[in-house]
Amino acid sequence: MTTNADWISRSLAHVWHPCTQMRDHEAGGALPLVPIASAEGVWLTDFDGKRYIDAVSSWWTNIFGHRNPRIVERVKAQLDRLDHVLLGGFSHQPVVELSERLVRIAPKSAGSEALTRCFYADNGSSAIEVALKMSAHYWRNVGQPGKTRFIALDNAYHGETLGALGVSGEGMYRDAYSPLMQPPIVVPSPDCFDRTPGESWEDYTRRRFRLMEETLAKHAHEVAAVIVEPLVQCAGGMRMYHPIYLKLLRDACTRHGVHYIADEIAVGFGRTGRMFANEWSQTTPDFLCLSKGLTGGTLPLAVTMTTNTVYEAFYADYAAQRAFLHSHSYTGNPLACAAALGALDLFEQEDWTARNRITSAGIWGLMGELATHRNVIDLRQQGMILAVEIARNPRKREAYPASERRGLRVYRHGLEHGVLLRPLGNVIYLMPPYVIDDDALVQMCRVAIDGIHAATRD
Ligand SMILES: Cc1ncc(COP(=O)(O)O)c(C=O)c1O
């Protein structure tokens with residue numbers, strides 16, 4: 001029998017873990033490494049037999065629980081038929097069926113062109129790269145080669161590859177690499193955390209949009225696209241804003257001749273309370289980037305959906321050299337597509353929007369007691385995302401210094417008590433798989449609340 005200790009030491013010998021100061025993982029360090037042996041539903045089990053509720057859906061991917069039977073069945077059946085084939089020059093059943101179904105369910109709105117073309121990649125950052133490259137290349141192909149810049153929101157996060165990081169906000173993810181990237185035009189975020197007391201979310205969001213409108217008016221001639229995370233800036237601390245922003249953005253982009261790229265990698269597939277966040281404002285972007293929940297969190301896959309107008313700008317005789325020459329080896333992998341078909345089956349079998357409405361009301365009901373906690377500056381929720389922001393002095397809007405690592409205290413408390421929470425600095429959030437049952441939900445909330453009390457005691 002192997003134990004946690006065996007796997008920790010073997011892991012530390014050769015595995016460089018992502019997004020981590022590796023020293024924190026060493027014995028006695030701030031971040032104990034947890035080797036996982038198996039998983040089922042919302043539960044992860046380590047090699048010593050301890051169980052943890054996956055309250056962050058394994059980086060927001062796992063919407064239907066681990067090893068969901070429908071998805072497992074689809075992947076196993078596919079594995080018996082076709083494992084992988086290049087998508088360059090070849091096609092296969094799962095990628096065709098998946099594309100047809102994605103086109104059917106993509107957000108639609110009167111007056112906007114539908115998303116009918118699917119370009120695949122194998123992770124979210126690559127889907128963003130595709131959208132950025134396709135947008136700029138589109139303008140080149142239609143005779144406007146000067147449109148090469150991007151507008152992004154402050155505090156945005158779109159991934160780690162240089163292009164995706166390039167349109168992400170300033171901060172620790174980006175600082176070391178700034179000299180390697182072309183800076184975007186950054187517009188202040190509509191994030192309602194900063195609204196004035198008494199101001200509604202909608203009024204604040206509308207007010208903030210004026211800055212976007214001004215920027216578009218000034219820079220449209222050199223800008224290919226505006227990229228945003230609809231409704232929730234997840235990695236930026238689960239900061240939220242009103243859907244009116246998306247409607248205003250869609251209209252302004254059309255008026256100014258600029259693409260609208262919606263990064264629904266984290267919020268797509270029901271997370272915000274609708275299948276896609278853009279549905280809250282009945283908007284259709286020019287590019288829709290999806291990943292994470294696309295396969296129910298089982299296998300890596302991403303897709304960038306776009307319109308026929310964009311597609312047509314690349315469609316020409318070979319000699320015209322207008323094709324989109326971009327690829328990844330595992331683009332449209334059949335097993336990953338089969339997993340995605342399984343996830344879409346699950347969406348068809350049950351009304352998850354209705355079920356999540358009940359679950360998210362339950363989470364709000366349990367976490368509501370934190371609203372009066374002396375160190376809670378904000379408690380916010382959008383669908384199946386609830387965030388608690390802690391601060392040293394909420395009245396004076398004085399944050400805890402990052403060096404105090406308060407969130408880490410909550411993380412450790414969570415692990416001790418069987419819940420995987422992974423706070424973003426001073427923001428503790430719950431983003432569980434949709435299949436969470438009442439008992440696990442109560443345990444998750446109780447542990448998060450107790451962890452916040454413990455982390456703010458001194
Ligand atoms: C909104 C958003 N965009 C892009 C990404 C990047 O996706 P990936 O980690 O699969 O590259 C993430 C990842 O968290 C994300 O939250």
# chains A, B, ... in the order shown; residues from 1 in each chain; ligands from 1
>>> select_by_dssp(residues="segment 100-319 of chain A", states="strand (DSSP E)", output="MDAnalysis selection string")
chainID A and resid 115:121 149:153 185:187 223:228 232:233 239:240 259:263 287:290 302:307
>>> write_last_selection(atoms="C-alpha atoms", output="tab-separated table (two decimals), in the first residue's frame")
chain	number	residue	atom	x	y	z
A	115	LEU	CA	-22.06	31.46	-34.30
A	116	THR	CA	-21.83	28.67	-36.85
A	117	ARG	CA	-18.14	27.80	-37.12
A	118	CYS	CA	-16.12	25.85	-34.55
A	119	PHE	CA	-12.32	25.89	-34.34
A	120	TYR	CA	-10.85	23.51	-31.77
A	121	ALA	CA	-7.89	23.60	-29.41
A	149	ARG	CA	-4.48	45.92	-31.12
A	150	PHE	CA	-6.85	44.61	-28.47
A	151	ILE	CA	-8.90	46.26	-25.75
A	152	ALA	CA	-9.07	44.36	-22.47
A	153	LEU	CA	-10.54	45.07	-19.06
A	185	ILE	CA	-5.41	49.03	-24.34
A	186	VAL	CA	-6.75	48.60	-20.83
A	187	VAL	CA	-10.17	49.92	-19.85
A	223	VAL	CA	-8.26	47.81	-32.67
A	224	ALA	CA	-9.20	44.32	-33.87
A	225	ALA	CA	-11.31	43.24	-30.88
A	226	VAL	CA	-12.46	43.86	-27.34
A	227	ILE	CA	-12.09	40.83	-25.10
A	228	VAL	CA	-13.99	40.36	-21.83
A	232	VAL	CA	-17.54	37.43	-13.66
A	233	GLN	CA	-13.80	38.13	-13.66
A	239	ARG	CA	-15.43	40.23	-9.32
A	240	MET	CA	-18.89	40.62	-10.87
A	259	HIS	CA	-14.97	42.41	-32.83
A	260	TYR	CA	-16.39	41.36	-29.50
A	261	ILE	CA	-14.60	38.29	-28.05
A	262	ALA	CA	-16.48	36.62	-25.18
A	263	ASP	CA	-14.24	34.48	-22.99
A	287	PHE	CA	-16.03	34.99	-31.04
A	288	LEU	CA	-17.06	32.72	-28.19
A	289	CYS	CA	-14.25	30.87	-26.37
A	290	LEU	CA	-15.22	27.74	-24.43
A	302	ALA	CA	-11.45	24.03	-26.12
A	303	VAL	CA	-13.35	25.63	-28.94
A	304	THR	CA	-13.50	29.08	-30.47
A	305	MET	CA	-16.82	29.64	-32.18
A	306	THR	CA	-17.32	32.37	-34.74
A	307	THR	CA	-19.60	33.65	-37.49
>>> closest_atom_pairs(of="segment 41-145 of chain A", to="segment 327-336 of chain A", cutoff="12 Å", atoms="only C-alpha atoms", output="tab-separated table")
residue	atom	partner	partner_atom	distance
A:Ile71	CA	A:Ala336	CA	10.0
A:Val72	CA	A:Leu335	CA	10.3
A:Glu73	CA	A:Leu335	CA	11.1
A:Arg74	CA	A:Leu335	CA	8.3
A:Val75	CA	A:Leu335	CA	5.6
A:Lys76	CA	A:Leu335	CA	8.4
A:Ala77	CA	A:Leu335	CA	9.1
A:Gln78	CA	A:Leu335	CA	6.1
A:Leu79	CA	A:Leu335	CA	6.6
A:Asp80	CA	A:Leu335	CA	10.1
A:Arg81	CA	A:Pro334	CA	9.6
A:Leu82	CA	A:Pro334	CA	6.9
A:Asp83	CA	A:Leu335	CA	6.2
A:His84	CA	A:Asn333	CA	5.7
A:Val85	CA	A:Asn333	CA	7.1
A:Leu86	CA	A:Ser329	CA	6.8
A:Leu87	CA	A:Thr331	CA	6.4
A:Gly88	CA	A:Ser327	CA	8.0
A:Gly89	CA	A:Ser327	CA	11.6
A:Phe90	CA	A:Gly332	CA	10.6
A:Ser91	CA	A:Gly332	CA	9.0
A:His92	CA	A:Pro334	CA	7.3
A:Gln93	CA	A:Pro334	CA	8.0
A:Pro94	CA	A:Pro334	CA	5.8
A:Val95	CA	A:Gly332	CA	6.2
A:Val96	CA	A:Gly332	CA	9.7
A:Glu97	CA	A:Pro334	CA	10.8
A:Leu98	CA	A:Gly332	CA	9.7
A:Ser99	CA	A:Gly332	CA	10.0
A:Cys118	CA	A:Gly332	CA	9.9
A:Phe119	CA	A:Gly332	CA	8.4
A:Tyr120	CA	A:Gly332	CA	5.4
A:Ala121	CA	A:Thr331	CA	4.7
A:Asp122	CA	A:Thr331	CA	6.0
A:Asn123	CA	A:Thr331	CA	9.6
A:Ser126	CA	A:His328	CA	8.8
A:Ala127	CA	A:Thr331	CA	10.5
A:Glu129	CA	A:Ser327	CA	10.9
A:Val130	CA	A:Ser327	CA	9.1
A:Lys133	CA	A:Ser327	CA	11.9
>>> atom_distance(atom1="atom 10 (O, counted along the ligand's line) of ligand 1", atom2="atom CA of Ala55 of chain A")
18.4 Å
>>> closest_residue(among="A:Thr295, A:Gln21, A:Thr456, A:Thr205", to="ligand 1", atoms="only C-alpha atoms and all ligand atoms")
A:Thr295
>>> atom_distance(atom1="atom CA of Pro69 of chain A", atom2="atom CA of Arg422 of chain A")
26.5 Å
>>> closest_residue(among="A:Glu222, A:Asp345, A:Glu160, A:Asp378", to="ligand 1", atoms="only C-alpha atoms and all ligand atoms")
A:Glu160
>>> residues_near_ligand(ligand="ligand 1", cutoff="8 Å", atoms="only C-alpha atoms and all ligand atoms", output="PDB file with C-alpha atoms, in the first residue's frame")
ATOM      1  CA  TRP A  59     -10.218  24.778 -11.332  1.00  0.00           C
ATOM      2  CA  TRP A  60     -13.821  25.277 -12.464  1.00  0.00           C
ATOM      3  CA  ASP A 122      -7.008  21.705 -26.262  1.00  0.00           C
ATOM      4  CA  ASN A 123      -6.984  24.328 -23.503  1.00  0.00           C
ATOM      5  CA  GLY A 124      -8.562  27.662 -22.717  1.00  0.00           C
ATOM      6  CA  SER A 125      -5.482  29.804 -23.348  1.00  0.00           C
ATOM      7  CA  SER A 126      -5.150  28.338 -26.831  1.00  0.00           C
ATOM      8  CA  ALA A 127      -8.814  29.093 -27.569  1.00  0.00           C
ATOM      9  CA  ILE A 128      -8.034  32.722 -26.699  1.00  0.00           C
ATOM     10  CA  ALA A 156      -8.950  40.464 -16.608  1.00  0.00           C
ATOM     11  CA  TYR A 157      -7.596  36.925 -16.866  1.00  0.00           C
ATOM     12  CA  HIS A 158      -7.559  35.079 -20.173  1.00  0.00           C
ATOM     13  CA  GLY A 159      -4.836  32.471 -19.689  1.00  0.00           C
ATOM     14  CA  GLU A 160      -1.109  31.941 -19.503  1.00  0.00           C
ATOM     15  CA  THR A 161       0.237  31.718 -23.044  1.00  0.00           C
ATOM     16  CA  ALA A 164      -3.695  35.311 -23.667  1.00  0.00           C
ATOM     17  CA  GLU A 229     -14.955  37.668 -19.337  1.00  0.00           C
ATOM     18  CA  GLN A 233     -13.797  38.132 -13.658  1.00  0.00           C
ATOM     19  CA  CYS A 234     -13.006  34.804 -12.078  1.00  0.00           C
ATOM     20  CA  ALA A 235      -9.237  34.654 -11.565  1.00  0.00           C
ATOM     21  CA  ASP A 263     -14.237  34.481 -22.993  1.00  0.00           C
ATOM     22  CA  GLU A 264     -16.771  32.086 -21.452  1.00  0.00           C
ATOM     23  CA  ILE A 265     -14.084  29.540 -20.613  1.00  0.00           C
ATOM     24  CA  ALA A 266     -14.874  29.768 -16.892  1.00  0.00           C
ATOM     25  CA  VAL A 267     -18.493  30.951 -16.962  1.00  0.00           C
ATOM     26  CA  SER A 291     -13.287  25.101 -22.501  1.00  0.00           C
ATOM     27  CA  LYS A 292     -13.324  23.786 -18.885  1.00  0.00           C
ATOM     28  CA  PRO A 300      -8.833  18.841 -22.139  1.00  0.00           C
ATOM     29  CA  ALA A 302     -11.452  24.025 -26.122  1.00  0.00           C
TER      30      ALA A 302
END
>>> residues_around(residues="Val447 of chain A", least_positions_apart="3", cutoff="7 Å", atoms="only C-alpha atoms", output="PDB file with N, CA and C atoms, in the first residue's frame")
ATOM      1  N   GLY A 414      -9.664  24.352   5.304  1.00  0.00           N
ATOM      2  CA  GLY A 414     -10.516  23.524   4.445  1.00  0.00           C
ATOM      3  C   GLY A 414      -9.957  22.117   4.294  1.00  0.00           C
ATOM      4  N   HIS A 417     -10.406  19.952   7.224  1.00  0.00           N
ATOM      5  CA  HIS A 417     -11.784  19.533   7.470  1.00  0.00           C
ATOM      6  C   HIS A 417     -12.478  18.947   6.240  1.00  0.00           C
ATOM      7  N   GLN A 443     -21.785  20.740   4.502  1.00  0.00           N
ATOM      8  CA  GLN A 443     -20.407  20.594   4.985  1.00  0.00           C
ATOM      9  C   GLN A 443     -19.479  21.636   4.346  1.00  0.00           C
ATOM     10  N   MET A 444     -19.633  21.804   3.029  1.00  0.00           N
ATOM     11  CA  MET A 444     -18.794  22.776   2.308  1.00  0.00           C
ATOM     12  C   MET A 444     -18.962  24.176   2.905  1.00  0.00           C
ATOM     13  N   ASP A 450     -16.374  28.502   8.955  1.00  0.00           N
ATOM     14  CA  ASP A 450     -15.454  28.335  10.088  1.00  0.00           C
ATOM     15  C   ASP A 450     -14.038  28.747   9.696  1.00  0.00           C
ATOM     16  N   GLY A 451     -13.642  28.425   8.479  1.00  0.00           N
ATOM     17  CA  GLY A 451     -12.307  28.793   8.001  1.00  0.00           C
ATOM     18  C   GLY A 451     -12.143  30.309   7.954  1.00  0.00           C
TER      19      GLY A 451
END
>>> residues_around(residues="Leu420 of chain A", least_positions_apart="6", cutoff="12 Å", atoms="only C-alpha atoms", output="PyMOL selection string")
chain A and resi 34+36+42-46+50-59+408+410-414+428-432+440+443-445+447-448+451
>>> residues_around(residues="Ala340 of chain A", least_positions_apart="2", cutoff="7 Å", atoms="only C-alpha atoms", output="NGL selection string")
:A and (294-296 or 336-338 or 342-344)
>>> write_last_selection(atoms="C-alpha atoms", output="mmCIF file, in the first residue's frame")
data_model
loop_
_atom_site.group_PDB
_atom_site.id
_atom_site.type_symbol
_atom_site.label_atom_id
_atom_site.label_comp_id
_atom_site.auth_asym_id
_atom_site.auth_seq_id
_atom_site.Cartn_x
_atom_site.Cartn_y
_atom_site.Cartn_z
ATOM 1 C CA LEU A 294 -17.106 21.732 -22.168
ATOM 2 C CA THR A 295 -16.056 18.143 -21.368
ATOM 3 C CA GLY A 296 -17.580 18.161 -17.899
ATOM 4 C CA ALA A 336 -12.308 14.733 -25.602
ATOM 5 C CA CYS A 337 -15.135 15.376 -28.084
ATOM 6 C CA ALA A 338 -16.878 12.228 -26.827
ATOM 7 C CA GLY A 342 -21.554 13.191 -22.764
ATOM 8 C CA ALA A 343 -21.701 16.549 -20.975
ATOM 9 C CA LEU A 344 -24.190 17.862 -23.541
#
>>> select_by_dssp(residues="segment 48-257 of chain A", states="helix (DSSP H, G or I)", output="VMD selection string")
chain A and resid 57 to 60 69 to 79 93 to 105 124 to 141 162 to 166 175 to 180 192 to 194 201 to 222 244 to 256
>>> atom_distance(atom1="atom CA of Pro107 of chain A", atom2="atom CA of Gln282 of chain A")
7.4 Å
>>> decode(residues="segment 31-121 of chain A", atoms="C-alpha atoms", output="mmCIF file, in the first residue's frame")
data_model
loop_
_atom_site.group_PDB
_atom_site.id
_atom_site.type_symbol
_atom_site.label_atom_id
_atom_site.label_comp_id
_atom_site.auth_asym_id
_atom_site.auth_seq_id
_atom_site.Cartn_x
_atom_site.Cartn_y
_atom_site.Cartn_z
ATOM 1 C CA LEU A 31 0.968 24.584 1.147
ATOM 2 C CA PRO A 32 0.862 20.854 1.845
ATOM 3 C CA LEU A 33 0.760 18.821 -1.372
ATOM 4 C CA VAL A 34 -2.253 16.490 -1.590
ATOM 5 C CA PRO A 35 -1.865 13.390 -3.782
ATOM 6 C CA ILE A 36 -5.251 12.173 -4.966
ATOM 7 C CA ALA A 37 -5.860 8.471 -5.509
ATOM 8 C CA SER A 38 -9.433 8.486 -6.797
ATOM 9 C CA ALA A 39 -12.516 10.604 -7.245
ATOM 10 C CA GLU A 40 -16.266 10.215 -7.510
ATOM 11 C CA GLY A 41 -18.953 12.873 -7.748
ATOM 12 C CA VAL A 42 -17.891 15.885 -5.692
ATOM 13 C CA TRP A 43 -15.432 13.789 -3.659
ATOM 14 C CA LEU A 44 -11.650 13.463 -4.019
ATOM 15 C CA THR A 45 -9.881 10.782 -1.977
ATOM 16 C CA ASP A 46 -6.179 10.882 -1.093
ATOM 17 C CA PHE A 47 -3.805 7.939 -0.609
ATOM 18 C CA ASP A 48 -4.418 7.881 3.133
ATOM 19 C CA GLY A 49 -8.143 7.514 2.510
ATOM 20 C CA LYS A 50 -9.107 11.056 3.488
ATOM 21 C CA ARG A 51 -11.948 12.599 1.465
ATOM 22 C CA TYR A 52 -12.331 16.197 0.271
ATOM 23 C CA ILE A 53 -15.285 17.961 -1.321
ATOM 24 C CA ASP A 54 -14.079 19.557 -4.554
ATOM 25 C CA ALA A 55 -15.630 22.972 -3.820
ATOM 26 C CA VAL A 56 -13.789 24.604 -6.742
ATOM 27 C CA SER A 57 -14.680 21.952 -9.343
ATOM 28 C CA SER A 58 -10.945 21.324 -9.945
ATOM 29 C CA TRP A 59 -10.218 24.778 -11.332
ATOM 30 C CA TRP A 60 -13.821 25.277 -12.464
ATOM 31 C CA THR A 61 -13.824 22.416 -14.951
ATOM 32 C CA ASN A 62 -15.811 19.693 -13.258
ATOM 33 C CA ILE A 63 -19.455 20.648 -13.576
ATOM 34 C CA PHE A 64 -21.041 17.181 -13.364
ATOM 35 C CA GLY A 65 -18.863 15.556 -10.705
ATOM 36 C CA HIS A 66 -15.840 13.331 -11.167
ATOM 37 C CA ARG A 67 -16.231 10.182 -13.254
ATOM 38 C CA ASN A 68 -19.770 11.052 -14.178
ATOM 39 C CA PRO A 69 -21.199 7.749 -15.527
ATOM 40 C CA ARG A 70 -22.594 9.261 -18.739
ATOM 41 C CA ILE A 71 -19.284 10.881 -19.643
ATOM 42 C CA VAL A 72 -17.282 7.790 -18.672
ATOM 43 C CA GLU A 73 -19.538 5.637 -20.854
ATOM 44 C CA ARG A 74 -19.105 7.982 -23.846
ATOM 45 C CA VAL A 75 -15.307 8.095 -23.487
ATOM 46 C CA LYS A 76 -14.974 4.329 -23.052
ATOM 47 C CA ALA A 77 -17.097 3.636 -26.112
ATOM 48 C CA GLN A 78 -15.053 6.105 -28.131
ATOM 49 C CA LEU A 79 -11.781 4.560 -26.951
ATOM 50 C CA ASP A 80 -12.913 1.249 -28.408
ATOM 51 C CA ARG A 81 -13.409 2.886 -31.803
ATOM 52 C CA LEU A 82 -10.990 5.737 -32.422
ATOM 53 C CA ASP A 83 -8.466 7.251 -30.016
ATOM 54 C CA HIS A 84 -6.994 10.080 -32.005
ATOM 55 C CA VAL A 85 -6.568 11.294 -35.510
ATOM 56 C CA LEU A 86 -5.235 14.594 -36.751
ATOM 57 C CA LEU A 87 -7.971 17.076 -37.632
ATOM 58 C CA GLY A 88 -5.888 18.530 -40.461
ATOM 59 C CA GLY A 89 -7.256 16.881 -43.588
ATOM 60 C CA PHE A 90 -9.321 14.362 -41.562
ATOM 61 C CA SER A 91 -12.576 14.463 -39.676
ATOM 62 C CA HIS A 92 -14.494 12.156 -37.338
ATOM 63 C CA GLN A 93 -17.937 11.546 -35.904
ATOM 64 C CA PRO A 94 -17.516 13.083 -32.421
ATOM 65 C CA VAL A 95 -16.113 16.386 -33.707
ATOM 66 C CA VAL A 96 -18.870 16.701 -36.315
ATOM 67 C CA GLU A 97 -21.650 15.888 -33.859
ATOM 68 C CA LEU A 98 -20.189 18.150 -31.205
ATOM 69 C CA SER A 99 -19.924 21.071 -33.636
ATOM 70 C CA GLU A 100 -23.541 20.594 -34.735
ATOM 71 C CA ARG A 101 -24.730 20.566 -31.147
ATOM 72 C CA LEU A 102 -22.607 23.561 -30.100
ATOM 73 C CA VAL A 103 -23.959 25.587 -33.002
ATOM 74 C CA ARG A 104 -27.511 24.660 -31.896
ATOM 75 C CA ILE A 105 -27.014 25.787 -28.289
ATOM 76 C CA ALA A 106 -24.692 28.800 -28.776
ATOM 77 C CA PRO A 107 -26.142 32.125 -27.576
ATOM 78 C CA LYS A 108 -28.343 33.765 -30.193
ATOM 79 C CA SER A 109 -29.909 37.200 -30.418
ATOM 80 C CA ALA A 110 -32.040 39.112 -32.862
ATOM 81 C CA GLY A 111 -29.975 41.325 -35.115
ATOM 82 C CA SER A 112 -26.666 39.527 -34.490
ATOM 83 C CA GLU A 113 -25.089 36.949 -36.718
ATOM 84 C CA ALA A 114 -25.171 33.387 -35.349
ATOM 85 C CA LEU A 115 -22.055 31.460 -34.304
ATOM 86 C CA THR A 116 -21.833 28.669 -36.853
ATOM 87 C CA ARG A 117 -18.136 27.800 -37.125
ATOM 88 C CA CYS A 118 -16.117 25.851 -34.553
ATOM 89 C CA PHE A 119 -12.323 25.888 -34.339
ATOM 90 C CA TYR A 120 -10.855 23.509 -31.772
ATOM 91 C CA ALA A 121 -7.888 23.604 -29.408
#
